[in-house]
Amino acid sequence: MPQSLDRALDLLDAVAASDGPVPAKALARRLGCGLSTVYELLGTLTARGHLVRTSSGYVLGYRLPSLHRAFQRQMRLADEVQELLAEARRAAGVDTYFSTYRDGGVAVLAGAAAGHPATGGFTVGQDTTPHATAHGKVLLAALPRAARMRQLATTGMPALTPHTITSPERLDVQLRRVRKEGAAVEIEECAPGVACVAVPVPSPGPPTAVSAALPLADFHRRGRQVTEALRQVAAEAAKFQRAFDISRPTGG
């Protein structure tokens, strides 16, 4: 049962990663398992609405948008925040993201990115390398030192590139500058040829941040402009308080 569940989730991930319909045989090759097993799992996922079968292969199903809406509701993530990210993406031409510190970890809750961003792009979910991301630095800088050290002890500080800061002492120096300047910048710490900028969102709840990722050459040309655009997005996002009240349960 656990193996079947893993394979079903792998199927969903494989279909989601594709630009178009994926035939069952291609999925079987990708997962390294028998075609009969893949067909059985595809049948279940299709019946539940997570996938749809087309003449060319399988695509994501109509059940997934409702799961995404439920995720936004549970995270208290206002629709207006996603719209703000999309507007910033159109206006500044950079991939934008909304992140928070929640349940002892850093997570990306929403993003507006090109289909194949030159920056590689983040995905919604936990950020297990916050020491190397701009939004992670903003959120870590907002935590008490004890909480920050617990977070870093959990995730570690692996070197993702030759530029990644892997020393807690060096990171502390950088985080003091983040608190002073109200913004974080990372240059090729997370991925080669990519720079990221993040600013905090004024919030009475857990720390939150908006960030942008852009190619390094683009950052050198207009990094300051992008930072100012993010400050405006953060100020607007702060108006939607329910988007940030994610520490409170959604139920009665």
# chains A, B, ... in the order shown; residues from 1 in each chain; ligands from 1
$ residues_around --residues "range 17-32 of chain A" --least-positions-apart "4" --cutoff "9 Å" --atoms "only C-alpha atoms" --output "list of chain:residue names"
A:Arg7, A:Asp10, A:Leu11, A:Leu12, A:Asp13, A:Ser36, A:Thr37, A:Val38, A:Tyr39, A:Leu42, A:Arg53, A:Thr54, A:Ser55, A:Ser56, A:Gly57, A:Tyr58, A:Val59, A:Leu60, A:Gly115
$ residues_around --residues "range 199-201 of chain A" --least-positions-apart "6" --cutoff "6 Å" --atoms "only C-alpha atoms" --output "JSON, numbers by chain"
{"A": [183, 208, 209, 210, 234]}
$ write_last_selection --atoms "C-alpha atoms" --output "mmCIF file, in the first residue's frame"
data_model
loop_
_atom_site.group_PDB
_atom_site.id
_atom_site.type_symbol
_atom_site.label_atom_id
_atom_site.label_comp_id
_atom_site.auth_asym_id
_atom_site.auth_seq_id
_atom_site.Cartn_x
_atom_site.Cartn_y
_atom_site.Cartn_z
ATOM 1 C CA ALA A 183 15.396 43.712 2.500
ATOM 2 C CA THR A 208 5.873 36.755 5.854
ATOM 3 C CA ALA A 209 7.763 37.987 2.809
ATOM 4 C CA VAL A 210 7.409 38.745 -0.873
ATOM 5 C CA ALA A 234 4.334 44.184 0.472
#
$ select_by_dssp --residues "range 139-223 of chain A" --states "helix (DSSP H, G or I)" --output "NGL selection string"
:A and (139-141 or 145-155 or 168-181 or 216-223)
$ write_last_selection --atoms "N, CA, C and O atoms" --output "CSV table (one decimal), in the first residue's frame"
chain,number,residue,atom,x,y,z
A,139,LEU,N,12.7,35.9,6.5
A,139,LEU,CA,12.0,35.2,7.6
A,139,LEU,C,12.8,34.7,8.7
A,139,LEU,O,12.5,34.9,9.9
A,140,LEU,N,14.0,34.3,8.4
A,140,LEU,CA,15.0,33.9,9.5
A,140,LEU,C,15.4,35.1,10.3
A,140,LEU,O,15.5,35.1,11.6
A,141,ALA,N,15.5,36.3,9.7
A,141,ALA,CA,15.9,37.5,10.4
A,141,ALA,C,14.9,37.9,11.3
A,141,ALA,O,15.2,38.6,12.3
A,145,ARG,N,16.6,34.4,18.0
A,145,ARG,CA,17.8,33.6,17.7
A,145,ARG,C,17.6,32.1,18.0
A,145,ARG,O,18.1,31.2,17.2
A,146,ALA,N,17.0,31.8,19.1
A,146,ALA,CA,16.8,30.4,19.5
A,146,ALA,C,16.0,29.6,18.4
A,146,ALA,O,16.3,28.5,18.0
A,147,ALA,N,14.9,30.3,18.0
A,147,ALA,CA,14.0,29.7,16.9
A,147,ALA,C,14.8,29.5,15.6
A,147,ALA,O,14.7,28.5,14.9
A,148,ARG,N,15.6,30.5,15.3
A,148,ARG,CA,16.4,30.5,14.1
A,148,ARG,C,17.4,29.4,14.1
A,148,ARG,O,17.6,28.6,13.1
A,149,MET,N,18.1,29.2,15.2
A,149,MET,CA,19.0,28.1,15.3
A,149,MET,C,18.4,26.7,15.3
A,149,MET,O,18.9,25.8,14.7
A,150,ARG,N,17.2,26.6,15.8
A,150,ARG,CA,16.4,25.3,15.7
A,150,ARG,C,16.1,25.1,14.3
A,150,ARG,O,16.2,23.9,13.8
A,151,GLN,N,15.7,26.1,13.5
A,151,GLN,CA,15.4,25.9,12.1
A,151,GLN,C,16.6,25.5,11.3
A,151,GLN,O,16.5,24.6,10.5
A,152,LEU,N,17.7,26.1,11.6
A,152,LEU,CA,18.9,25.8,10.8
A,152,LEU,C,19.5,24.4,11.2
A,152,LEU,O,20.1,23.7,10.4
A,153,ALA,N,19.3,24.0,12.5
A,153,ALA,CA,19.7,22.7,12.9
A,153,ALA,C,18.8,21.6,12.2
A,153,ALA,O,19.3,20.5,11.9
A,154,THR,N,17.6,22.0,11.9
A,154,THR,CA,16.7,21.0,11.2
A,154,THR,C,17.1,20.9,9.8
A,154,THR,O,17.1,19.8,9.2
A,155,THR,N,17.3,22.0,9.1
A,155,THR,CA,17.5,22.0,7.7
A,155,THR,C,19.0,21.8,7.3
A,155,THR,O,19.3,21.4,6.2
A,168,PRO,N,26.9,29.6,10.3
A,168,PRO,CA,25.9,30.4,11.1
A,168,PRO,C,26.3,31.8,11.5
A,168,PRO,O,25.5,32.7,11.5
A,169,GLU,N,27.6,31.9,11.8
A,169,GLU,CA,28.2,33.2,12.2
A,169,GLU,C,28.1,34.2,11.0
A,169,GLU,O,27.7,35.4,11.2
A,170,ARG,N,28.5,33.8,9.8
A,170,ARG,CA,28.4,34.6,8.6
A,170,ARG,C,26.9,35.0,8.3
A,170,ARG,O,26.6,36.1,7.9
A,171,LEU,N,26.1,34.0,8.5
A,171,LEU,CA,24.6,34.2,8.2
A,171,LEU,C,24.1,35.2,9.2
A,171,LEU,O,23.3,36.1,8.8
A,172,ASP,N,24.5,35.2,10.5
A,172,ASP,CA,24.0,36.1,11.5
A,172,ASP,C,24.4,37.6,11.1
A,172,ASP,O,23.6,38.5,11.3
A,173,VAL,N,25.6,37.7,10.6
A,173,VAL,CA,26.0,39.1,10.1
A,173,VAL,C,25.1,39.6,9.0
A,173,VAL,O,24.7,40.7,9.0
A,174,GLN,N,24.8,38.7,8.1
A,174,GLN,CA,24.0,39.1,7.0
A,174,GLN,C,22.5,39.4,7.4
A,174,GLN,O,21.9,40.3,7.0
A,175,LEU,N,22.1,38.6,8.4
A,175,LEU,CA,20.7,38.8,8.9
A,175,LEU,C,20.6,40.1,9.6
A,175,LEU,O,19.5,40.7,9.6
A,176,ARG,N,21.6,40.5,10.3
A,176,ARG,CA,21.6,41.8,11.0
A,176,ARG,C,21.4,42.9,9.9
A,176,ARG,O,20.7,43.9,10.1
A,177,ARG,N,22.1,42.8,8.8
A,177,ARG,CA,21.9,43.8,7.7
A,177,ARG,C,20.5,43.7,7.1
A,177,ARG,O,20.0,44.8,6.8
A,178,VAL,N,20.0,42.5,7.0
A,178,VAL,CA,18.6,42.4,6.5
A,178,VAL,C,17.6,43.2,7.4
A,178,VAL,O,16.7,43.9,7.0
A,179,ARG,N,17.8,43.0,8.7
A,179,ARG,CA,16.9,43.7,9.7
A,179,ARG,C,17.0,45.2,9.6
A,179,ARG,O,16.1,46.0,9.7
A,180,LYS,N,18.3,45.6,9.4
A,180,LYS,CA,18.6,47.1,9.3
A,180,LYS,C,18.0,47.7,8.0
A,180,LYS,O,17.4,48.8,8.0
A,181,GLU,N,18.2,47.0,6.9
A,181,GLU,CA,17.8,47.6,5.6
A,181,GLU,C,16.4,47.2,5.2
A,181,GLU,O,15.9,47.8,4.2
A,216,LEU,N,20.9,37.0,-13.2
A,216,LEU,CA,21.9,37.8,-12.6
A,216,LEU,C,22.2,39.1,-13.4
A,216,LEU,O,22.3,40.2,-12.8
A,217,ALA,N,22.3,39.0,-14.7
A,217,ALA,CA,22.5,40.2,-15.5
A,217,ALA,C,21.4,41.2,-15.4
A,217,ALA,O,21.6,42.4,-15.3
A,218,ASP,N,20.2,40.7,-15.3
A,218,ASP,CA,19.0,41.6,-15.1
A,218,ASP,C,19.0,42.2,-13.8
A,218,ASP,O,18.7,43.4,-13.6
A,219,PHE,N,19.5,41.5,-12.7
A,219,PHE,CA,19.5,42.0,-11.4
A,219,PHE,C,20.5,43.2,-11.3
A,219,PHE,O,20.3,44.2,-10.7
A,220,HIS,N,21.7,43.1,-12.0
A,220,HIS,CA,22.6,44.1,-12.0
A,220,HIS,C,22.1,45.4,-12.6
A,220,HIS,O,22.5,46.5,-12.3
A,221,ARG,N,21.2,45.2,-13.6
A,221,ARG,CA,20.7,46.4,-14.3
A,221,ARG,C,19.6,47.1,-13.5
A,221,ARG,O,19.5,48.3,-13.5
A,222,ARG,N,18.7,46.3,-12.9
A,222,ARG,CA,17.6,46.9,-12.2
A,222,ARG,C,17.2,46.3,-10.9
A,222,ARG,O,16.0,46.3,-10.6
A,223,GLY,N,18.1,45.8,-10.1
A,223,GLY,CA,17.8,45.2,-8.9
A,223,GLY,C,17.1,46.2,-7.9
A,223,GLY,O,16.2,45.8,-7.2
$ select_by_dssp --residues "range 1-238 of chain A" --states "strand (DSSP E)" --output "PyMOL selection string"
chain A and resi 51-54+57-60+95-102+105-112+125-127+184-187+194-200+208-215
$ atom_distance --atom1 "CA of Arg224 in chain A" --atom2 "CA of His131 in chain A"
21.9 Å
$ residues_around --residues "Thr129 in chain A" --least-positions-apart "6" --cutoff "8 Å" --atoms "only C-alpha atoms" --output "PyMOL selection string"
chain A and resi 136+155-158
$ atom_distance --atom1 "CA of Asp6 in chain A" --atom2 "CA of Gly104 in chain A"
25.3 Å
$ atom_distance --atom1 "CA of Gly93 in chain A" --atom2 "CA of Leu64 in chain A"
27.3 Å
$ closest_residue --among "A:Val185, A:Ala8, A:Leu214, A:Leu143" --to "Thr100 in chain A" --atoms "only C-alpha atoms"
A:Leu143
$ residues_around --residues "Glu189 in chain A" --least-positions-apart "5" --cutoff "6 Å" --atoms "only C-alpha atoms" --output "list in words"
Ala132, Thr161, His163 and Thr164 of chain A
